[in-house]
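Reproduced below: protein13.txt, with compact mmCIF, C-alpha atoms.
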```
# COMPACT_ATOMS: atom_id res chain seq x y z
CA MET Y 1 -1.30 -28.67 19.73
CA ALA Y 2 -0.01 -29.21 16.20
CA ILE Y 3 3.34 -30.45 17.50
CA CYS Y 4 1.53 -32.85 19.86
CA THR Y 5 -0.47 -34.17 16.90
CA GLY Y 6 2.63 -35.07 14.89
CA LEU Y 7 5.39 -35.71 17.39
CA ILE Y 8 3.73 -38.29 19.65
CA PRO Y 9 2.96 -40.74 16.75
CA ALA Y 10 6.44 -40.06 15.30
CA MET Y 11 8.15 -41.12 18.55
CA GLU Y 12 6.17 -44.36 18.55
CA ILE Y 13 7.71 -45.51 15.23
CA ASP Y 14 10.35 -48.22 15.71
CA ASN Y 15 14.08 -47.68 15.03
CA ILE Y 16 13.87 -43.90 14.85
CA HIS Y 17 16.66 -41.98 16.55
CA ASP Y 18 16.49 -38.57 14.94
CA ILE Y 19 13.31 -36.50 14.56
CA THR Y 20 13.23 -33.15 12.76
CA VAL Y 21 10.16 -31.12 13.69
CA ILE Y 22 9.25 -28.29 11.32
CA THR Y 23 6.69 -25.87 12.75
CA ASP Y 24 5.47 -22.31 12.38
CA SER Y 25 5.39 -21.88 16.16
CA ILE Y 26 8.80 -22.38 17.70
CA THR Y 27 7.51 -20.65 20.84
CA ALA Y 28 5.11 -23.54 21.47
CA ALA Y 29 7.97 -26.00 21.05
CA ARG Y 30 10.04 -24.15 23.62
CA LYS Y 31 7.12 -24.03 26.05
CA ILE Y 32 6.76 -27.80 25.92
CA LEU Y 33 10.36 -28.43 26.86
CA GLU Y 34 11.17 -25.46 29.06
CA SER Y 35 8.44 -26.55 31.47
CA LYS Y 36 6.99 -23.35 32.85
CA VAL Y 37 3.58 -22.76 34.33
CA ASP Y 38 1.43 -21.90 31.34
CA PRO Y 39 -2.29 -21.84 30.49
CA LEU Y 40 -1.65 -24.62 27.94
CA GLN Y 41 0.26 -26.68 30.48
CA ASN Y 42 -2.26 -29.50 30.70
CA MET Y 43 -2.09 -29.92 26.94
CA PHE Y 44 1.73 -30.08 26.99
CA ILE Y 45 2.10 -32.65 29.80
CA PRO Y 46 1.44 -35.80 27.69
CA LEU Y 47 3.90 -34.60 25.02
CA ALA Y 48 6.55 -33.60 27.57
CA ALA Y 49 6.25 -37.04 29.18
CA ALA Y 50 6.51 -38.78 25.78
CA VAL Y 51 9.58 -36.69 24.83
CA LYS Y 52 11.24 -37.56 28.13
CA THR Y 53 10.57 -41.27 27.57
CA PHE Y 54 11.86 -41.09 23.98
CA LEU Y 55 15.10 -39.36 24.96
CA SER Y 56 15.67 -41.60 28.00
CA LYS Y 57 15.14 -44.79 25.96
CA ASP Y 58 18.27 -44.46 23.81
CA GLY Y 59 21.33 -42.22 24.04
CA ARG Y 60 21.26 -41.71 20.26
CA ASN Y 61 17.75 -40.25 20.20
CA LYS Y 62 17.53 -36.54 19.48
CA ILE Y 63 14.97 -33.96 18.36
CA CYS Y 64 15.58 -30.83 16.26
CA PHE Y 65 12.96 -28.09 16.03
CA TRP Y 66 13.03 -25.89 12.92
CA TYR Y 67 10.99 -22.73 12.53
CA CYS Y 68 9.17 -22.35 9.22
CA PRO Y 69 6.97 -19.23 8.98
CA SER Y 70 3.79 -19.58 6.95
CA ARG Y 71 4.71 -16.51 4.88
CA ALA Y 72 7.78 -18.36 3.55
CA GLU Y 73 5.40 -20.79 1.81
CA TRP Y 74 7.91 -23.64 2.04
CA PRO Y 75 6.26 -26.25 -0.25
CA ARG Y 76 5.99 -29.16 2.22
CA HIS Y 77 4.76 -26.88 5.00
CA LYS Y 78 2.29 -25.33 2.57
CA LEU Y 79 0.74 -28.77 2.04
CA VAL Y 80 0.02 -29.06 5.77
CA ASP Y 81 -1.14 -25.46 5.91
CA ASN Y 82 -3.65 -26.13 3.11
CA GLN Y 83 -4.92 -29.20 4.96
CA VAL Y 84 -5.49 -27.10 8.10
CA LYS Y 85 -7.34 -24.42 6.16
CA ALA Y 86 -9.49 -26.94 4.32
CA SER Y 87 -10.49 -28.83 7.46
CA SER Y 88 -13.92 -28.06 8.77
CA CYS Y 89 -14.97 -28.71 12.35
CA ILE Y 90 -18.28 -28.15 14.03
CA PRO Y 91 -17.61 -25.79 16.95
CA THR Y 92 -18.51 -27.13 20.35
CA PHE Y 93 -19.46 -24.77 23.13
CA PRO Y 94 -17.93 -25.93 26.40
CA SER Y 95 -19.60 -24.92 29.66
CA LYS Y 96 -16.39 -23.24 30.78
CA GLU Y 97 -13.94 -21.06 28.88
CA SER Y 98 -10.22 -21.66 28.65
CA HIS Y 99 -7.87 -19.36 30.54
CA LEU Y 100 -6.35 -17.89 27.36
CA PHE Y 101 -9.78 -17.23 25.86
CA SER Y 102 -10.90 -15.51 29.07
CA ARG Y 103 -7.85 -13.24 29.00
CA LYS Y 104 -8.50 -12.40 25.36
CA LYS Y 105 -12.16 -11.74 26.12
CA GLU Y 106 -11.21 -9.21 28.80
CA CYS Y 107 -9.14 -7.30 26.22
CA ASP Y 108 -11.77 -7.59 23.49
CA ASN Y 109 -14.56 -6.38 25.77
CA THR Y 110 -12.52 -3.38 26.88
CA LEU Y 111 -11.60 -2.51 23.32
CA CYS Y 112 -15.19 -2.89 22.15
CA GLU Y 113 -16.40 -0.62 24.94
CA TRP Y 114 -13.81 2.02 24.02
CA GLN Y 115 -14.75 1.90 20.34
CA MET Y 116 -18.48 2.17 21.05
CA HIS Y 117 -17.92 5.05 23.44
CA PHE Y 118 -15.58 6.81 21.01
CA THR Y 119 -18.06 6.55 18.13
CA SER Y 120 -20.79 8.35 20.04
CA SER Y 121 -18.66 10.60 22.22
CA LEU Y 122 -18.67 14.37 21.76
CA LYS Y 123 -15.42 14.73 23.69
CA LYS Y 124 -13.44 13.57 20.69
CA GLY Y 125 -14.24 16.97 19.19
CA HIS Y 126 -17.06 18.28 17.02
CA TYR Y 127 -14.72 18.57 14.04
CA PHE Y 128 -13.08 15.14 14.40
CA LEU Y 129 -12.69 13.57 10.95
CA ASN Y 130 -13.70 9.91 10.69
CA PHE Y 131 -11.40 8.45 8.07
CA GLU Y 132 -11.81 5.12 6.34
CA ASP Y 133 -9.16 2.51 5.67
CA GLU Y 134 -8.50 1.04 2.23
CA LYS Y 135 -11.35 -1.45 2.67
CA GLY Y 136 -13.81 1.39 3.22
CA ILE Y 137 -14.25 0.69 6.93
CA VAL Y 138 -14.31 3.62 9.37
CA ILE Y 139 -11.13 3.58 11.45
CA LYS Y 140 -11.78 2.81 15.10
CA PRO Y 141 -9.34 3.34 17.96
CA THR Y 142 -7.09 0.54 19.19
CA TYR Y 143 -4.15 0.49 21.57
CA ALA Y 144 -2.05 -2.36 20.17
CA LYS Y 145 1.01 -1.63 18.01
CA GLY Y 146 0.76 2.15 18.30
CA GLY Y 147 -2.98 2.44 17.70
CA SER Y 148 -4.95 2.81 14.49
CA TRP Y 149 -3.50 6.04 13.13
CA LEU Y 150 0.17 6.16 14.17
CA PRO Y 151 1.42 3.22 12.04
CA ILE Y 152 -0.13 4.84 8.94
CA ILE Y 153 0.98 8.43 9.48
CA GLY Y 154 4.01 8.21 11.74
CA PHE Y 155 6.63 8.69 9.03
CA THR Y 156 7.84 12.00 10.46
CA ASN Y 157 7.00 14.01 13.56
CA SER Y 158 5.91 16.95 11.41
CA LEU Y 159 3.48 14.87 9.35
CA TYR Y 160 2.00 13.23 12.45
CA THR Y 161 1.53 16.58 14.15
CA ARG Y 162 -0.07 18.22 11.12
CA PHE Y 163 -2.32 15.20 10.64
CA THR Y 164 -3.49 15.41 14.27
CA ARG Y 165 -4.22 19.12 13.87
CA MET Y 166 -6.12 18.52 10.64
CA THR Y 167 -8.15 15.62 12.10
CA THR Y 168 -9.19 17.48 15.23
CA GLY Y 169 -9.61 20.86 13.53
CA TYR Y 170 -7.36 22.47 16.14
CA ALA Y 171 -4.74 23.82 13.74
CA PRO Y 172 -3.11 27.18 12.92
CA ILE Y 173 -5.85 28.09 10.43
CA GLY Y 174 -8.35 30.95 10.16
CA LYS Y 175 -11.27 28.97 11.55
CA TYR Y 176 -9.33 28.19 14.73
CA ARG Y 177 -8.17 31.81 15.12
CA GLN Y 178 -11.75 33.02 14.62
CA ARG Y 179 -12.82 30.90 17.61
CA PHE Y 180 -9.92 31.35 20.01
CA PHE Y 181 -8.12 34.53 18.83
CA PRO Y 182 -10.77 36.75 17.13
CA GLN Y 183 -8.39 39.71 17.00
CA LEU Y 184 -6.06 37.85 14.58
CA PRO Y 185 -6.71 37.61 10.80
CA THR Y 186 -8.92 34.72 9.71
CA SER Y 187 -8.67 34.95 5.93
CA CYS Y 188 -6.66 32.59 3.76
CA PRO Y 189 -3.30 33.98 2.50
CA CYS Y 190 -4.46 33.21 -1.06
CA GLY Y 191 -7.00 36.04 -0.63
CA LYS Y 192 -9.99 34.12 -1.95
CA ALA Y 193 -11.57 32.99 1.32
CA GLU Y 194 -12.68 35.22 4.17
CA VAL Y 195 -12.37 32.38 6.67
CA GLN Y 196 -9.65 29.84 6.09
CA THR Y 197 -11.37 26.54 6.97
CA ARG Y 198 -9.93 23.04 6.94
CA GLU Y 199 -12.14 22.05 4.04
CA TYR Y 200 -11.00 25.10 2.04
CA ILE Y 201 -7.32 24.26 2.56
CA VAL Y 202 -7.75 20.65 1.51
CA MET Y 203 -10.23 21.02 -1.37
CA GLU Y 204 -10.08 24.54 -2.81
CA CYS Y 205 -7.01 26.59 -1.93
CA ASP Y 206 -4.93 27.38 -5.04
CA ARG Y 207 -1.72 27.47 -3.00
CA HIS Y 208 -1.73 23.67 -3.07
CA ASP Y 209 -1.35 21.54 -6.16
CA PRO Y 210 -4.89 20.47 -7.26
CA SER Y 211 -3.59 17.03 -8.27
CA THR Y 212 -2.70 16.29 -4.64
CA ARG Y 213 -6.23 16.92 -3.34
CA PRO Y 214 -7.86 13.86 -1.78
CA CYS Y 215 -10.80 12.51 -3.76
CA ASN Y 216 -12.23 10.27 -1.01
CA ILE Y 217 -12.16 9.92 2.76
CA ILE Y 218 -9.55 7.17 2.79
CA ILE Y 219 -6.82 8.08 5.24
CA ASN Y 220 -3.97 7.48 2.78
CA SER Y 221 -5.31 10.20 0.43
CA PHE Y 222 -5.02 12.77 3.22
CA VAL Y 223 -1.59 11.50 4.26
CA HIS Y 224 -0.36 11.96 0.68
CA PHE Y 225 -1.88 15.44 0.59
CA LEU Y 226 -0.03 16.42 3.77
CA ALA Y 227 3.21 14.84 2.57
CA ASP Y 228 3.01 16.68 -0.77
CA ASN Y 229 2.11 20.02 0.87
CA PRO Y 230 4.45 20.48 3.85
CA GLU Y 231 3.08 23.97 4.61
CA ALA Y 232 -0.53 22.78 5.01
CA PHE Y 233 -1.67 22.96 8.67
CA SER Y 234 1.79 24.12 9.76
CA PHE Y 235 2.75 27.48 11.25
CA ASP Y 236 4.37 28.43 7.92
CA ASN Y 237 0.88 28.54 6.37
CA ARG Y 238 0.58 32.36 6.52
CA MET P 1 -3.56 13.10 33.21
CA GLN P 2 -3.53 11.24 29.92
CA GLN P 3 -4.16 14.37 27.89
CA ARG P 4 -0.71 15.75 28.74
CA VAL P 5 0.90 12.56 27.46
CA ALA P 6 -1.26 12.59 24.33
CA LEU P 7 -0.28 16.22 23.67
CA TRP P 8 3.36 15.29 24.08
CA ILE P 9 3.03 12.36 21.63
CA THR P 10 0.96 14.11 18.97
CA GLY P 11 2.23 17.68 19.24
CA ALA P 12 -1.38 18.92 19.17
CA PHE P 13 -2.64 22.18 20.69
CA ARG P 14 -3.30 22.31 24.42
CA THR P 15 -6.98 23.07 23.76
CA SER P 16 -7.43 20.00 21.52
CA PRO P 17 -10.24 17.59 22.55
CA SER P 18 -8.76 15.02 24.91
CA GLU P 19 -10.52 11.88 23.68
CA GLY P 20 -9.69 12.65 20.06
CA ILE P 21 -5.97 13.07 20.56
CA GLU P 22 -5.76 10.17 23.00
CA ALA P 23 -7.25 7.91 20.34
CA ILE P 24 -4.83 9.19 17.69
CA ALA P 25 -1.96 8.59 20.11
CA GLY P 26 -3.24 5.04 20.75
CA LEU P 27 -3.90 5.59 24.47
CA ILE P 28 -6.90 3.77 25.88
CA PRO P 29 -8.78 5.75 28.60
CA ILE P 30 -7.21 4.94 31.94
CA THR P 31 -10.52 3.82 33.49
CA LEU P 32 -10.97 1.17 30.81
CA HIS P 33 -7.34 0.12 31.14
CA LEU P 34 -7.75 -0.36 34.89
CA ARG P 35 -10.95 -2.34 34.33
CA LYS P 36 -9.11 -4.64 31.95
CA LEU P 37 -6.25 -5.15 34.42
CA ASN P 38 -8.77 -5.86 37.19
CA GLY P 39 -10.50 -8.50 35.06
CA ARG P 40 -7.22 -10.15 34.16
CA HIS P 41 -6.10 -10.01 37.78
CA HIS P 42 -9.11 -12.12 38.75
CA LEU P 43 -7.94 -14.76 36.29
CA CYS P 44 -4.49 -14.88 37.93
CA TYR P 45 -6.06 -16.64 40.92
CA ALA P 46 -6.48 -19.71 38.72
CA SER P 47 -2.70 -20.10 38.44
CA ILE P 48 -1.68 -19.89 42.11
CA PRO P 49 -0.17 -23.06 43.66
CA LEU P 50 -2.32 -25.56 45.53
CA SER P 51 -0.81 -24.61 48.89
CA HIS P 52 -1.41 -20.86 48.55
CA ALA P 53 -3.31 -19.36 51.50
CA ILE P 54 -5.73 -17.50 49.23
CA ASN P 55 -7.26 -20.82 48.15
CA SER P 56 -8.75 -21.35 51.61
CA LEU P 57 -10.72 -18.11 51.26
CA LEU P 58 -12.34 -19.07 47.95
CA ASP P 59 -15.44 -21.16 47.42
CA SER P 60 -14.96 -24.91 47.89
CA GLN P 61 -14.95 -25.56 44.11
CA HIS P 62 -11.96 -23.21 43.66
CA ALA P 63 -10.21 -24.02 46.96
CA LYS P 64 -8.09 -26.78 45.37
CA ASN P 65 -8.93 -29.22 48.21
CA GLN P 66 -7.85 -26.83 50.97
CA THR P 67 -9.90 -26.64 54.16
CA PRO P 68 -12.01 -23.47 54.05
CA HIS P 69 -10.89 -20.72 56.41
CA LYS P 70 -13.42 -19.54 58.98
CA THR P 71 -13.81 -16.33 56.98
CA ALA P 72 -14.11 -18.07 53.61
CA THR P 73 -16.97 -16.85 51.44
CA SER P 74 -18.70 -20.24 51.67
CA LYS P 75 -18.95 -19.89 55.46
CA LEU P 76 -20.53 -16.46 55.42
CA THR P 77 -24.25 -15.92 55.85
CA MET P 78 -26.31 -14.61 52.96
CA LYS P 79 -26.45 -11.18 54.58
CA GLN P 80 -22.69 -11.11 55.14
CA GLN P 81 -22.11 -12.17 51.54
CA ALA P 82 -24.41 -9.42 50.30
CA ASN P 83 -22.52 -6.78 52.31
CA LEU P 84 -19.08 -8.12 51.42
CA LYS P 85 -17.05 -5.92 49.09
CA SER P 86 -13.87 -7.79 48.34
CA PRO P 87 -11.92 -8.90 45.29
CA ILE P 88 -12.32 -12.47 46.59
CA LYS P 89 -16.06 -12.28 45.90
CA ASP P 90 -15.45 -11.12 42.32
CA VAL P 91 -12.82 -13.83 41.85
CA ASN P 92 -15.26 -16.55 42.88
CA GLU P 93 -17.79 -15.34 40.34
CA ARG P 94 -15.21 -15.00 37.58
CA LEU P 95 -13.58 -18.39 38.11
CA ASN P 96 -16.97 -20.11 37.86
CA SER P 97 -16.83 -19.62 34.09
CA VAL P 98 -13.14 -20.53 33.59
CA ARG P 99 -11.77 -24.01 33.15
CA ASN P 100 -8.89 -24.86 35.48
CA CYS P 101 -5.87 -25.60 33.32
CA PHE P 102 -2.90 -25.05 35.64
CA ASN P 103 -0.88 -27.68 37.38
CA PRO P 104 2.13 -25.82 38.85
CA LEU P 105 3.46 -28.73 40.89
CA GLN P 106 3.35 -31.34 38.13
CA PRO P 107 6.53 -33.49 38.54
CA LEU P 108 7.69 -32.80 34.96
CA PHE P 109 7.56 -29.09 35.66
CA THR P 110 9.44 -29.02 38.94
CA PRO P 111 13.02 -27.67 38.98
CA GLY P 112 15.49 -30.50 38.47
CA SER P 113 13.15 -32.45 36.19
CA TRP P 114 13.06 -30.12 33.23
CA ILE P 115 13.65 -31.84 29.90
CA VAL P 116 15.90 -29.08 28.58
CA ASP P 117 18.19 -29.48 31.60
CA HIS P 118 18.49 -33.27 31.33
CA PHE P 119 18.80 -33.55 27.54
CA SER P 120 20.12 -30.16 26.47
CA SER P 121 22.66 -31.68 24.05
CA ARG P 122 19.98 -33.72 22.25
CA ILE P 123 17.37 -31.00 21.76
CA SER P 124 18.01 -28.10 19.43
CA PHE P 125 15.98 -25.11 18.25
CA HIS P 126 16.61 -23.35 14.93
CA SER P 127 14.65 -20.12 14.85
CA LEU P 128 14.88 -17.14 12.52
CA SER P 129 17.41 -14.53 13.64
CA SER P 130 15.50 -11.61 12.09
CA SER P 131 12.47 -11.10 9.87
CA SER P 132 14.50 -9.73 6.94
CA ASP P 133 14.12 -11.46 3.57
CA LYS P 134 17.84 -12.22 3.40
CA ASP P 135 17.83 -14.06 6.75
CA LEU P 136 14.64 -15.88 5.80
CA TYR P 137 16.25 -17.08 2.55
CA GLN P 138 19.34 -18.35 4.39
CA HIS P 139 17.14 -20.00 7.02
CA LEU P 140 15.13 -21.81 4.34
CA GLN P 141 18.36 -23.01 2.70
CA SER P 142 19.47 -24.53 6.00
CA LEU P 143 15.98 -25.99 6.53
CA ASN P 144 16.12 -27.65 3.09
CA LEU P 145 19.49 -29.22 3.94
CA ALA P 146 18.21 -30.45 7.32
CA PHE P 147 15.09 -31.90 5.71
CA ARG P 148 17.08 -33.69 2.98
CA SER P 149 19.48 -35.22 5.51
CA SER P 150 16.49 -36.43 7.56
CA GLN P 151 15.15 -38.22 4.50
CA VAL P 152 18.43 -39.92 3.55
CA ASN P 153 19.04 -41.59 6.90
CA HIS P 154 16.76 -44.57 7.62
CA ASN P 155 16.72 -43.79 11.33
CA SER P 156 15.48 -40.25 10.79
CA ILE P 157 12.08 -38.78 10.06
CA ALA P 158 10.65 -35.30 9.69
CA VAL P 159 7.41 -34.05 11.23
CA ILE P 160 5.82 -31.00 9.63
CA ALA P 161 3.13 -29.46 11.82
CA ASP P 162 0.81 -26.53 11.42
CA ARG P 163 -2.15 -25.09 13.31
CA GLY P 164 -4.87 -22.56 12.64
CA VAL P 165 -7.71 -20.83 14.44
CA LYS P 166 -10.90 -20.29 12.50
CA LYS P 167 -13.28 -17.38 12.92
CA SER P 168 -15.59 -19.56 15.00
CA HIS P 169 -12.72 -19.86 17.56
CA VAL P 170 -12.20 -23.50 16.57
CA ALA P 171 -8.52 -24.45 16.67
CA THR P 172 -7.36 -27.04 14.15
CA ALA P 173 -4.04 -28.80 13.74
CA ALA P 174 -2.48 -31.08 11.16
CA ALA P 175 0.85 -32.87 10.77
CA HIS P 176 2.65 -34.89 8.10
CA ILE P 177 5.34 -37.43 8.94
CA TRP P 178 7.97 -37.72 6.18
CA ALA P 179 10.40 -40.59 5.69
CA ASP P 180 12.37 -41.55 2.53
CA ASN P 181 11.04 -38.47 0.71
CA SER P 182 7.40 -39.40 1.05
CA VAL P 183 4.60 -38.78 3.50
CA ILE P 184 4.13 -41.94 5.57
CA LYS P 185 1.42 -40.59 7.86
CA GLN P 186 -1.08 -37.73 7.73
CA LEU P 187 -2.60 -36.64 11.03
```
What does the file become when written as structure tokens?
Amino acid sequence: MAICTGLIPAMEIDNIHDITVITDSITAARKILESKVDPLQNMFIPLAAAVKTFLSKDGRNKICFWYCPSRAEWPRHKLVDNQVKASSCIPTFPSKESHLFSRKKECDNTLCEWQMHFTSSLKKGHYFLNFEDEKGIVIKPTYAKGGSWLPIIGFTNSLYTRFTRMTTGYAPIGKYRQRFFPQLPTSCPCGKAEVQTREYIVMECDRHDPSTRPCNIIINSFVHFLADNPEAFSFDNR
Amino acid sequence: MQQRVALWITGAFRTSPSEGIEAIAGLIPITLHLRKLNGRHHLCYASIPLSHAINSLLDSQHAKNQTPHKTATSKLTMKQQANLKSPIKDVNERLNSVRNCFNPLQPLFTPGSWIVDHFSSRISFHSLSSSSDKDLYQHLQSLNLAFRSSQVNHNSIAVIADRGVKKSHVATAAAHIWADNSVIKQL
């Protein structure tokens, strides 16, 4: 849409043979000219027709598309970016949705349903820990880009595994053995707790450096605790 | 079924609660995933060509000017429609709320008329080879050179375009047209 806004008036200027288009969406530029069936096809048709007319008119006419990501903050692109952000439009509510919006809505509805179900579900485990992110918002499940937890904790297989055990409470600790293997010892190897619980390991056990203990329920605090104490929630914790 | 995969990904115990480890592994429950695919499949009917046989089974407003088949949903009685269990029925209901935006047989989009095929030597794309800072720096250097050369030549101009989507789902776009090192038009 942005390319349509700028390129069509540019091609109407007299005595112009060379147009350099600088955009943060090179994919959209390719879609216009590669002519495939696309949900935005109707929007591209006027531009594609204008480009064809411009290039047919004179053999010297040419168009170059340059990608300029917004994160690069290229000064002249930043000016346009600021104009877009400052613009205010009153939203209109069309009687029918666009195809792309409908596809997105299907995904959003499914994700919302999963998150609502997960919040109230007992099948996630009675001991499941609800961590918060750095903004203080409880982490909810997602499926895009590896989910909500994996990108934060997936540094090593060991850390990810120990984190999963700690979060679910199903870990090689005394509390778990008390429930599933009552004949095995349940006390902490430090000798100060009769039942080695998850909370005791994280907050009280002297075998771990007190400075590494998490002081809030932000996920990164627990990740640092696990990274600093490689024996916590592992089978070496005996 | 999914629990085995989640166990394999996370390395958790076999007795671990399935929904908990599936969430940590980033696996959406399969029932919800199938529901999403089903919903998106209904939308695919909007993109089929005008001559596709399926069109004749849909309601007249989605039939794309095809003559309704004798078993089309519009020709069924109310009782038959109530008893009908078919994806076609769901598609009709779903497409009622979606704007038709496809035009697969538009002349510009037919093979042999593509712009990139006719004018491949006069259209060029300069994208970023990787997202590393080094490549971005080199890309911006080349972009600066290209922009400067477009401003020196009197027959050249540069169009800088940007778009954004606000939280209210309103899409906005803006563009500046540069010539002789100054903005000659703001759109």
Chain Y contacts on chain P, only C-alpha atoms, 7 Å, as a PyMOL selection string: chain P and resi 10-13+16-20+23-28+32+36+39-40+97-99+101-102+104+109+114-116+122-128+150+155-164+168+170+172-177+187
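Across the model, the gap from atom CA of Y:Asp133 to atom CA of Y:Thr119 is 15.8 Å.
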Atom-to-atom span, atom CA of Y:Asp228 and atom CA of Y:Ser211, Å: 10.0 Å
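Our summary of the geometry notes that atom CA of Y:Ile139 is positioned 10.8 Å from atom CA of Y:Ile217.
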All residues 8 Å or closer to Y:Val223, all atoms listed in the file, same chain fewer than 3 positions away omitted, as a PyMOL selection string: chain Y and resi 153+159+163+219-220+226-227
